[in-house]
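Everything on this sheet refers to the single structure shown next.
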Amino acid sequence: MAEYQLYCFAQSGNAFRAALMLNLIGADWQPIFVDFFGKGVQRTPEYRAGINEMGEVPVLIHGTKKLSQSGVILTYLAERSGKFLPRGEDERLEALRWIIFDNQKVNGYLGPYRFLRTLAKPPGDPAVLAFLKGRIDNSLGILDQRLSRSAYLLGSQPTIADLSLVGYLYFPAEEFGFDIAAQHSNIAAWLARIKALPRWEHPYDLMPGYPLPN
Ligand SMILES: N[C@@H](CCC(=O)N[C@@H](CS)C(=O)NCC(=O)O)C(=O)O
């Protein structure tokens with residue numbers, strides 16, 4: 001059995017953050033497929049009692065440790081490996097600030113937007129989609145502006161803040177109905193830099209469950 005197990009599925013940008021981190025640090029890890037769309041495993045009492053009371057993916061298993069929330073998982077792996085680790089109090093707090101902003105307002109809106117537009121059957125209410133799109137445009141603008149100042153969020157080196165923020169950003173533009181990279185040049189350059197890191201893989205290659213059965 002691998003050292004780390006990650007409960008995940010291919011379409012999850014939240015899980016991609018953790019899967020990407022595991023790959024980039026060269027960890028010995030294996031995915032455990034969560035049939036999110038088919039059986040809705042994450043909603044079962046067994047999953048909530050045994051895996052994650054929050055009913056969410058991702059969950060990282062490491063020995064006796066069971067961690068959820070991608071920001072917690074990223075922090076744990078960075079502290080253990082020393083890689084992508086923010087250095088000193090100021091950087092640690094700055095990384096946390098961006099991870100919280102991301103969870104709430106960047107990928108926190110992009111994930112549900114893509115889900116309601118492309119994956120949900122029937123698709124979401126157009127008014128809800130319009131609300132989310134307005135919030136997304138604003139948040140991506142803030143991220144793009146920040147990335148005009150430095151190669152990565154905290155400066156010249158990538159940290160867990162960057163690995164959190166890329167959560168949903170490599171999924172195909174057709175799934176969003178707009179092209180994030182084409183509309184935000186600083187985000188595009190930053191995504192290319194992260195993609196060039198050794199052992200980067202696309203979420204659809206890194207985690208099981210793609211493509212979805214019809
Ligand atoms: N803030 C959480 C978000 C996790 C999350 O919402 N995961 C989705 C899958 S992509 C989920 O499990 N949703 C189930 C639900 O909201 O009921 C994290 O970063 O881990």
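Quick note on naming: the chains in the structure tokens go A, B, ... in the order shown, residues restart at 1 in each chain, and ligands are numbered from 1 in order of appearance.
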
Dump as a tab-separated table the rows for residues of chain A within 6 Å of ligand 1: closest atom pair and distance in Å with one decimal, only C-alpha atoms and all ligand atoms counted, ordered by chain and rising residue number.
residue	atom	partner	partner_atom_place_in_ligand_line	distance
A:Ser12	CA	ligand 1	10 (S)	4.0
A:Gly13	CA	ligand 1	10 (S)	5.8
A:Asn14	CA	ligand 1	19 (O)	4.9
A:Gly55	CA	ligand 1	14 (C)	5.8
A:Glu56	CA	ligand 1	12 (O)	3.1
A:Val57	CA	ligand 1	12 (O)	4.0
A:Pro58	CA	ligand 1	20 (O)	5.5
A:Gln69	CA	ligand 1	20 (O)	3.5
A:Ser70	CA	ligand 1	20 (O)	3.9
A:Gly71	CA	ligand 1	19 (O)	5.9
A:Asn103	CA	ligand 1	1 (N)	5.4

Please write the residues from the selection above to a file, keeping N, CA and C atoms, as a PDB file, in the first residue's frame.
ATOM      1  N   SER A  12     -12.811  16.884  -9.674  1.00  0.00           N
ATOM      2  CA  SER A  12     -12.751  17.739  -8.485  1.00  0.00           C
ATOM      3  C   SER A  12     -11.494  18.617  -8.464  1.00  0.00           C
ATOM      4  N   GLY A  13     -11.690  19.908  -8.626  1.00  0.00           N
ATOM      5  CA  GLY A  13     -10.576  20.845  -8.492  1.00  0.00           C
ATOM      6  C   GLY A  13     -10.123  20.970  -7.051  1.00  0.00           C
ATOM      7  N   ASN A  14     -11.030  20.739  -6.119  1.00  0.00           N
ATOM      8  CA  ASN A  14     -10.643  20.751  -4.703  1.00  0.00           C
ATOM      9  C   ASN A  14      -9.658  19.616  -4.416  1.00  0.00           C
ATOM     10  N   GLY A  55     -18.788  15.393   4.587  1.00  0.00           N
ATOM     11  CA  GLY A  55     -19.340  14.870   3.339  1.00  0.00           C
ATOM     12  C   GLY A  55     -18.620  15.394   2.117  1.00  0.00           C
ATOM     13  N   GLU A  56     -17.324  15.643   2.255  1.00  0.00           N
ATOM     14  CA  GLU A  56     -16.569  16.260   1.154  1.00  0.00           C
ATOM     15  C   GLU A  56     -15.378  15.411   0.727  1.00  0.00           C
ATOM     16  N   VAL A  57     -14.927  15.704  -0.462  1.00  0.00           N
ATOM     17  CA  VAL A  57     -13.674  15.241  -1.052  1.00  0.00           C
ATOM     18  C   VAL A  57     -12.833  16.518  -1.211  1.00  0.00           C
ATOM     19  N   PRO A  58     -11.531  16.529  -0.994  1.00  0.00           N
ATOM     20  CA  PRO A  58     -10.632  15.409  -0.762  1.00  0.00           C
ATOM     21  C   PRO A  58     -10.482  15.069   0.715  1.00  0.00           C
ATOM     22  N   GLN A  69     -10.222  19.099   4.006  1.00  0.00           N
ATOM     23  CA  GLN A  69      -9.984  20.506   3.638  1.00  0.00           C
ATOM     24  C   GLN A  69      -8.630  20.599   2.933  1.00  0.00           C
ATOM     25  N   SER A  70      -8.683  20.947   1.642  1.00  0.00           N
ATOM     26  CA  SER A  70      -7.443  20.947   0.857  1.00  0.00           C
ATOM     27  C   SER A  70      -6.387  21.874   1.456  1.00  0.00           C
ATOM     28  N   GLY A  71      -6.813  22.978   2.076  1.00  0.00           N
ATOM     29  CA  GLY A  71      -5.844  23.894   2.673  1.00  0.00           C
ATOM     30  C   GLY A  71      -5.086  23.243   3.823  1.00  0.00           C
ATOM     31  N   ASN A 103     -10.635  29.546  -1.402  1.00  0.00           N
ATOM     32  CA  ASN A 103     -11.713  28.608  -1.040  1.00  0.00           C
ATOM     33  C   ASN A 103     -13.074  29.280  -1.089  1.00  0.00           C
TER      34      ASN A 103
END

List as a PDB file with C-alpha atoms, in the first residue's frame the protein and nucleic acid residues near Ala2 (chain A), meaning an atom at most 10 Å away when only C-alpha atoms are counted, but skip any in the same chain fewer than 5 places from it.
ATOM      1  CA  ALA A  27       5.180  11.368  -2.648  1.00  0.00           C
ATOM      2  CA  ASP A  28       4.307   7.692  -2.744  1.00  0.00           C
ATOM      3  CA  TRP A  29       0.520   8.019  -3.063  1.00  0.00           C
ATOM      4  CA  GLN A  30      -2.508   6.351  -4.541  1.00  0.00           C
ATOM      5  CA  PRO A  31      -5.973   7.666  -5.293  1.00  0.00           C
ATOM      6  CA  HIS A  62      -1.488   9.090   6.149  1.00  0.00           C
TER       7      HIS A  62
END

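Each of A:Phe37, A:Lys65, A:Asp205, A:Ala189 was compared to Lys121 (chain A) using only C-alpha atoms, and A:Phe37 turns out to be the nearest.
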
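What separates CA of Ser164 (chain A) from CA of Tyr7 (chain A) is a distance of 16.9 Å.
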
With only C-alpha atoms as the counted atoms, please give the residues lying no more than 7 Å from Ala161 (chain A), apart from itself and same-chain residues fewer than 3 positions off, as a ChimeraX atom specification. /A:95,98-99,153,164-165

When DSSP is applied to the backbone of this structure, which of region 23-147 of chain A are assigned strand (DSSP E or B)? Write them out as a PyMOL selection string. chain A and resi 29-33+59-62+65-68

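Using only C-alpha atoms, the smallest distance between any of A:Ser156, A:Leu24, A:Ile142, A:Ser68 and Pro86 (chain A) comes from A:Ser156.
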
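The smallest atom-to-atom distance between Asp162 (chain A) and any of A:Val59, A:Ala181, A:Ile187, A:Leu22, using only C-alpha atoms, is found for A:Ile187.
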
Applying 8 Å and only C-alpha atoms, which residues near His184 (chain A) remain after dropping the ones on its own chain fewer than 5 positions away? List them as an MDAnalysis selection string. chainID A and resid 140:141 144

Using only C-alpha atoms, which residues sit within 12 Å of Pro112 (chain A) once same-chain residues fewer than 3 positions away are excluded, as number ranges by chain? A: 11-14, 103-109, 115-120, 123-124, 128-129, 131-133, 135-136, 168, 175-176

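Atom pair CA of Ala15 (chain A) / CA of Thr159 (chain A): separated by 16.9 Å.
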